[in-house]
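Before any comments, here is the structure.
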Amino acid sequence: MPNLSEKVAVVTGAGRGIGREHALALARAGAKIVVNDLGASVAGEGADEGPAHEVVREIESLGGEAVANGENVADFAGAKRMLEQAIDRFGRLDILVNNAGILRDRMLVNMDEHEWDAVIDVHLKGHFAPTRHAAAYWRERSKAGEDVRARVINTASPSGVFGNVGQANYGAAKAGIVGFTLIAAQELSRYGVTVNALAPNARTRMTEQAFGELPPPEEGFDAADPANNSAVVVALCADEAQDITGQVFFVYGGVVNMLRGWEAGELFSAGDSRWDPDALLLEMRERLPDGAEPPGMLASMHAAGGRSMRE
């Protein structure tokens, strides 16, 4: 296991599910943890400090060090206070795992404005705000001459990279996180910061709301165990992973697929002139006699080595 004993990590949404497993895995590797969780419902309503404190107690029972934090990651000032807590309590910040999220699924024609806004806010702004403040801290350290080896691990989703019916808000936010990851990786590499993302699969409150109850198998390997995703986080946080950045890792059970998104595809070239619409349409129809459409999440997940929670 990578030795993270000198590292300090903030993990958002760490009171349950995948975030909890990330926090525990990083603590087992030696990192000190700020366990952030607002304690809201799956829909983002209410607050409960209990889950974050419970994970802190679990980490302490392992012999690790941790502190609970109940800030809302989509609150710009709150996100700054969360990171300042890590620095004030443990003296530094090395790792930020952006994991907090909510779910308000609805078919597009029935989706209300507040259902769109709430999901975009928690996922997309909830990644931007902590990363923005962490990046400023690391830039300052880098400019002071320190050897910075910092990590941001974002949380996308198969819905964001493959698309999923009924999740226009969630999928758009998760796709935005992928774009955010690519740009942040390019901007922050000069300061010694790597930025990567997971597209995880696991049995969580969110997936069970979307796909129904998913009991673990009575025997054998549990491909939906949230802990399956955390090995990627710990590996990427090692100093030896300093040159791996701007990547999106699809995870299902024992499968880790480093995805390649938006590669060059079918090229329609008019040479040194502008396309005439009729000519372009004719060329499209000739080359695409059966049309073109997204393959859907199920087929895409199979191609990446995984399965849908619906199976």
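Ligands are numbered from 1 in the order shown, chains are lettered A, B, ... in the order of the structure tokens, and residues start at 1 in each chain.
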
So that each row is one residue of range 139-215 of chain A with an atom at most 9 Å from range 109-119 of chain A, can you give its shortest atom pair and the distance in Å to one decimal, using only C-alpha atoms, rows by chain and rising number, as a Markdown table?
```
| residue | atom | partner | partner_atom | distance |
| --- | --- | --- | --- | --- |
| A:Ala168 | CA | A:Trp116 | CA | 8.2 |
| A:Asn169 | CA | A:Trp116 | CA | 5.2 |
| A:Tyr170 | CA | A:Val119 | CA | 6.1 |
| A:Ala173 | CA | A:Val119 | CA | 7.2 |
```

For the contact check between range 174-266 of chain A and range 77-101 of chain A, emit one row per residue of range 174-266 of chain A within 10 Å, containing the shortest atom pair and the distance in Å rounded to one decimal, counting only C-alpha atoms, chain then rising number order, as a tab-separated table.
```
residue	atom	partner	partner_atom	distance
A:Lys174	CA	A:Gly101	CA	9.9
A:Val193	CA	A:Asp94	CA	9.1
A:Thr194	CA	A:Ile95	CA	9.8
A:Val195	CA	A:Leu96	CA	9.5
A:Asn196	CA	A:Val97	CA	9.8
A:Ala197	CA	A:Asn98	CA	9.0
A:Leu198	CA	A:Asn99	CA	9.5
A:Met206	CA	A:Gly101	CA	9.0
A:Val233	CA	A:Val97	CA	8.3
A:Cys237	CA	A:Ile95	CA	7.2
```

*Which of range 12-173 of chain A fall in alpha helix (DSSP H), as a VMD selection string*: chain A and resid 17 to 28 50 to 61 76 to 90 113 to 120 126 to 143 158 to 162 168 to 173

Write a file of the selected residues as a JSON list (two decimals), in the first residue's frame, keeping C-alpha atoms.
```
[["chain", "number", "residue", "atom", "x", "y", "z"],
["A", 17, "GLY", "CA", -21.14, 5.14, 0.70],
["A", 18, "ILE", "CA", -18.20, 5.69, -1.62],
["A", 19, "GLY", "CA", -16.92, 8.75, 0.25],
["A", 20, "ARG", "CA", -16.80, 6.83, 3.51],
["A", 21, "GLU", "CA", -14.74, 4.09, 1.88],
["A", 22, "HIS", "CA", -12.37, 6.66, 0.39],
["A", 23, "ALA", "CA", -11.84, 8.22, 3.81],
["A", 24, "LEU", "CA", -11.22, 4.85, 5.46],
["A", 25, "ALA", "CA", -8.85, 3.70, 2.70],
["A", 26, "LEU", "CA", -6.80, 6.91, 2.84],
["A", 27, "ALA", "CA", -6.65, 6.63, 6.63],
["A", 28, "ARG", "CA", -5.41, 3.03, 6.40],
["A", 50, "GLY", "CA", -23.94, 11.97, 12.84],
["A", 51, "PRO", "CA", -22.54, 10.19, 9.72],
["A", 52, "ALA", "CA", -19.35, 12.31, 9.59],
["A", 53, "HIS", "CA", -18.66, 11.81, 13.29],
["A", 54, "GLU", "CA", -19.27, 8.07, 12.96],
["A", 55, "VAL", "CA", -16.62, 7.81, 10.23],
["A", 56, "VAL", "CA", -14.20, 9.81, 12.40],
["A", 57, "ARG", "CA", -14.73, 7.26, 15.17],
["A", 58, "GLU", "CA", -14.08, 4.43, 12.69],
["A", 59, "ILE", "CA", -10.82, 6.04, 11.59],
["A", 60, "GLU", "CA", -9.74, 6.60, 15.17],
["A", 61, "SER", "CA", -10.49, 2.94, 15.94],
["A", 76, "PHE", "CA", -18.01, 29.13, -1.57],
["A", 77, "ALA", "CA", -17.11, 30.50, 1.86],
["A", 78, "GLY", "CA", -18.02, 27.20, 3.53],
["A", 79, "ALA", "CA", -15.69, 25.31, 1.21],
["A", 80, "LYS", "CA", -12.87, 27.64, 2.21],
["A", 81, "ARG", "CA", -13.59, 27.10, 5.89],
["A", 82, "MET", "CA", -13.49, 23.33, 5.32],
["A", 83, "LEU", "CA", -9.99, 23.48, 3.85],
["A", 84, "GLU", "CA", -8.83, 25.93, 6.51],
["A", 85, "GLN", "CA", -9.94, 23.40, 9.12],
["A", 86, "ALA", "CA", -7.61, 20.83, 7.59],
["A", 87, "ILE", "CA", -4.68, 23.25, 7.59],
["A", 88, "ASP", "CA", -5.39, 24.56, 11.10],
["A", 89, "ARG", "CA", -5.87, 21.09, 12.58],
["A", 90, "PHE", "CA", -3.19, 19.11, 10.75],
["A", 113, "GLU", "CA", -36.14, 24.26, -12.42],
["A", 114, "HIS", "CA", -35.26, 23.71, -8.76],
["A", 115, "GLU", "CA", -34.48, 20.03, -9.47],
["A", 116, "TRP", "CA", -32.02, 21.11, -12.14],
["A", 117, "ASP", "CA", -30.47, 23.92, -10.09],
["A", 118, "ALA", "CA", -30.02, 21.89, -6.91],
["A", 119, "VAL", "CA", -28.17, 19.03, -8.62],
["A", 120, "ILE", "CA", -25.94, 21.31, -10.70],
["A", 126, "GLY", "CA", -19.48, 21.60, -5.06],
["A", 127, "HIS", "CA", -16.42, 20.51, -7.05],
["A", 128, "PHE", "CA", -15.40, 24.01, -8.13],
["A", 129, "ALA", "CA", -15.51, 25.74, -4.73],
["A", 130, "PRO", "CA", -13.23, 23.38, -2.74],
["A", 131, "THR", "CA", -10.85, 22.95, -5.70],
["A", 132, "ARG", "CA", -10.61, 26.71, -6.21],
["A", 133, "HIS", "CA", -9.52, 27.30, -2.61],
["A", 134, "ALA", "CA", -7.21, 24.28, -2.53],
["A", 135, "ALA", "CA", -5.58, 25.40, -5.78],
["A", 136, "ALA", "CA", -4.87, 28.85, -4.35],
["A", 137, "TYR", "CA", -3.24, 27.26, -1.30],
["A", 138, "TRP", "CA", -1.04, 24.97, -3.41],
["A", 139, "ARG", "CA", -0.07, 27.76, -5.79],
["A", 140, "GLU", "CA", 1.09, 29.83, -2.84],
["A", 141, "ARG", "CA", 3.17, 26.94, -1.53],
["A", 142, "SER", "CA", 4.65, 26.29, -4.97],
["A", 143, "LYS", "CA", 5.59, 29.92, -5.48],
["A", 158, "PRO", "CA", -21.20, 6.57, -15.90],
["A", 159, "SER", "CA", -24.26, 8.79, -16.37],
["A", 160, "GLY", "CA", -21.98, 11.71, -17.14],
["A", 161, "VAL", "CA", -19.61, 9.92, -19.51],
["A", 162, "PHE", "CA", -22.07, 7.51, -21.16],
["A", 168, "ALA", "CA", -30.38, 15.03, -17.45],
["A", 169, "ASN", "CA", -29.45, 17.17, -14.44],
["A", 170, "TYR", "CA", -27.17, 14.62, -12.78],
["A", 171, "GLY", "CA", -25.53, 13.51, -16.05],
["A", 172, "ALA", "CA", -24.94, 17.09, -17.17],
["A", 173, "ALA", "CA", -23.32, 17.93, -13.83]]
```

*asked:* Between CA of Val255 in chain A and CA of Gly220 in chain A, what is the distance in Å, rounded to a tenth?
replied: 16.0 Å

_All strand (DSSP E or B) residues (DSSP, backbone) inside range 21-266 of chain A, as a ChimeraX atom specification_ = /A:32-36,66-69,95-97,106,150-155,167,193-199,248-252,255-258

*asked:* Just to confirm, what's the straight-line distance from CA of Pro294 in chain A to CA of Asn257 in chain A in Å (one decimal)?
replied: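 Separation between CA of Pro294 in chain A and CA of Asn257 in chain A: 19.5 Å.
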
*Minimum-distance residue to Gly166 in chain A, chosen among A:Met297, A:Leu259, A:Asn36, A:Ala150 (using only C-alpha atoms)*: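 The answer is A:Met297, which sits nearest to Gly166 in chain A.
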
_With distances taken over only C-alpha atoms, which residue among A:Phe249, A:Ala238, A:Gly254, A:Glu65 lies nearest Phe221 in chain A?_
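Among the listed residues, the smallest separation from Phe221 in chain A belongs to A:Gly254.
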
*Contacts of Ala270 in chain A within 12 Å, only C-alpha atoms, excl. fewer than 6 positions in-chain, as a PyMOL selection string*: chain A and resi 276-277+279-280+283

Serialized selection, C-alpha atoms, as a compact mmCIF listing (two decimals), in the first residue's frame:
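The resulting file, out07.txt, is reproduced below:
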```txt
# COMPACT_ATOMS: atom_id res chain seq x y z
CA ASP A 276 -22.89 23.49 -48.83
CA PRO A 277 -25.68 22.24 -46.51
CA ALA A 279 -23.89 18.47 -50.06
CA LEU A 280 -23.04 17.91 -46.39
CA GLU A 283 -22.48 13.02 -47.51
```

_When you count only C-alpha atoms, which of these residues is closest to Leu182 in chain A: A:Val122, A:Met107, A:Val248, A:Ala231?_
A:Val248

*Within 12 Å of Ala299 in chain A, counting only C-alpha atoms, which residues show up once you throw out same-chain ones fewer than 2 positions away? Write them as a VMD selection string, please.*
chain A and resid 158 162 to 164 294 to 297 301 to 308 311

Deliver the residues from the most recent selection as a file, using N, CA, C and O atoms, as a CSV table (one decimal), in the first residue's frame.
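Produced file again_38.csv, reproduced below:
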```
chain,number,residue,atom,x,y,z
A,158,PRO,N,-20.8,7.1,-14.6
A,158,PRO,CA,-21.2,6.6,-15.9
A,158,PRO,C,-22.3,7.4,-16.6
A,158,PRO,O,-22.3,7.5,-17.8
A,162,PHE,N,-21.4,8.4,-20.2
A,162,PHE,CA,-22.1,7.5,-21.2
A,162,PHE,C,-23.5,8.0,-21.4
A,162,PHE,O,-24.1,7.7,-22.5
A,163,GLY,N,-24.1,8.7,-20.5
A,163,GLY,CA,-25.5,9.2,-20.6
A,163,GLY,C,-26.4,8.2,-20.0
A,163,GLY,O,-26.2,7.0,-20.1
A,164,ASN,N,-27.5,8.7,-19.4
A,164,ASN,CA,-28.5,7.8,-18.8
A,164,ASN,C,-29.8,8.4,-18.8
A,164,ASN,O,-30.0,9.6,-18.3
A,294,PRO,N,-26.4,7.9,-29.7
A,294,PRO,CA,-25.6,7.3,-28.6
A,294,PRO,C,-25.9,5.9,-28.3
A,294,PRO,O,-27.1,5.4,-28.4
A,295,PRO,N,-24.9,5.1,-28.0
A,295,PRO,CA,-25.2,3.7,-27.7
A,295,PRO,C,-25.9,3.4,-26.4
A,295,PRO,O,-26.5,2.4,-26.2
A,296,GLY,N,-26.0,4.4,-25.5
A,296,GLY,CA,-26.6,4.2,-24.2
A,296,GLY,C,-25.7,3.7,-23.2
A,296,GLY,O,-24.6,3.2,-23.5
A,297,MET,N,-26.1,3.9,-21.9
A,297,MET,CA,-25.2,3.6,-20.8
A,297,MET,C,-24.9,2.1,-20.7
A,297,MET,O,-23.7,1.7,-20.4
A,301,MET,N,-21.1,0.7,-20.8
A,301,MET,CA,-20.5,0.1,-19.6
A,301,MET,C,-20.0,-1.3,-19.9
A,301,MET,O,-18.9,-1.6,-19.5
A,302,HIS,N,-20.7,-2.0,-20.8
A,302,HIS,CA,-20.2,-3.3,-21.2
A,302,HIS,C,-18.9,-3.2,-21.9
A,302,HIS,O,-18.0,-4.0,-21.7
A,303,ALA,N,-18.8,-2.2,-22.8
A,303,ALA,CA,-17.6,-2.0,-23.6
A,303,ALA,C,-16.4,-1.6,-22.7
A,303,ALA,O,-15.3,-2.0,-23.0
A,304,ALA,N,-16.7,-1.0,-21.6
A,304,ALA,CA,-15.7,-0.5,-20.7
A,304,ALA,C,-15.3,-1.6,-19.6
A,304,ALA,O,-14.5,-1.4,-18.8
A,305,GLY,N,-16.0,-2.7,-19.7
A,305,GLY,CA,-15.7,-3.8,-18.8
A,305,GLY,C,-16.6,-4.0,-17.6
A,305,GLY,O,-16.3,-4.7,-16.7
A,306,GLY,N,-17.7,-3.2,-17.6
A,306,GLY,CA,-18.6,-3.2,-16.4
A,306,GLY,C,-20.0,-3.6,-16.8
A,306,GLY,O,-20.2,-4.1,-17.9
A,307,ARG,N,-20.9,-3.4,-15.8
A,307,ARG,CA,-22.3,-3.6,-16.1
A,307,ARG,C,-23.1,-2.5,-15.4
A,307,ARG,O,-22.6,-1.8,-14.6
A,308,SER,N,-24.3,-2.4,-15.8
A,308,SER,CA,-25.2,-1.5,-15.2
A,308,SER,C,-25.8,-2.0,-13.9
A,308,SER,O,-25.9,-3.2,-13.7
A,311,GLU,N,-28.7,-4.6,-14.1
A,311,GLU,CA,-28.5,-6.0,-14.4
A,311,GLU,C,-28.4,-6.9,-13.2
A,311,GLU,O,-27.9,-6.5,-12.2
```

*Which distance in Å separates CA of Thr12 in chain A and CA of Asp225 in chain A, to one decimal?*
18.9 Å

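Nearest-residue note for Val165 in chain A: choosing from A:Ser273, A:Arg203, A:Asn69, A:Leu298, the minimum distance belongs to A:Leu298, counting only C-alpha atoms.
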
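Nearest-residue note for Ala175 in chain A: choosing from A:Val148, A:Leu124, A:Ile153, A:Ala66, the minimum distance belongs to A:Leu124, counting only C-alpha atoms.
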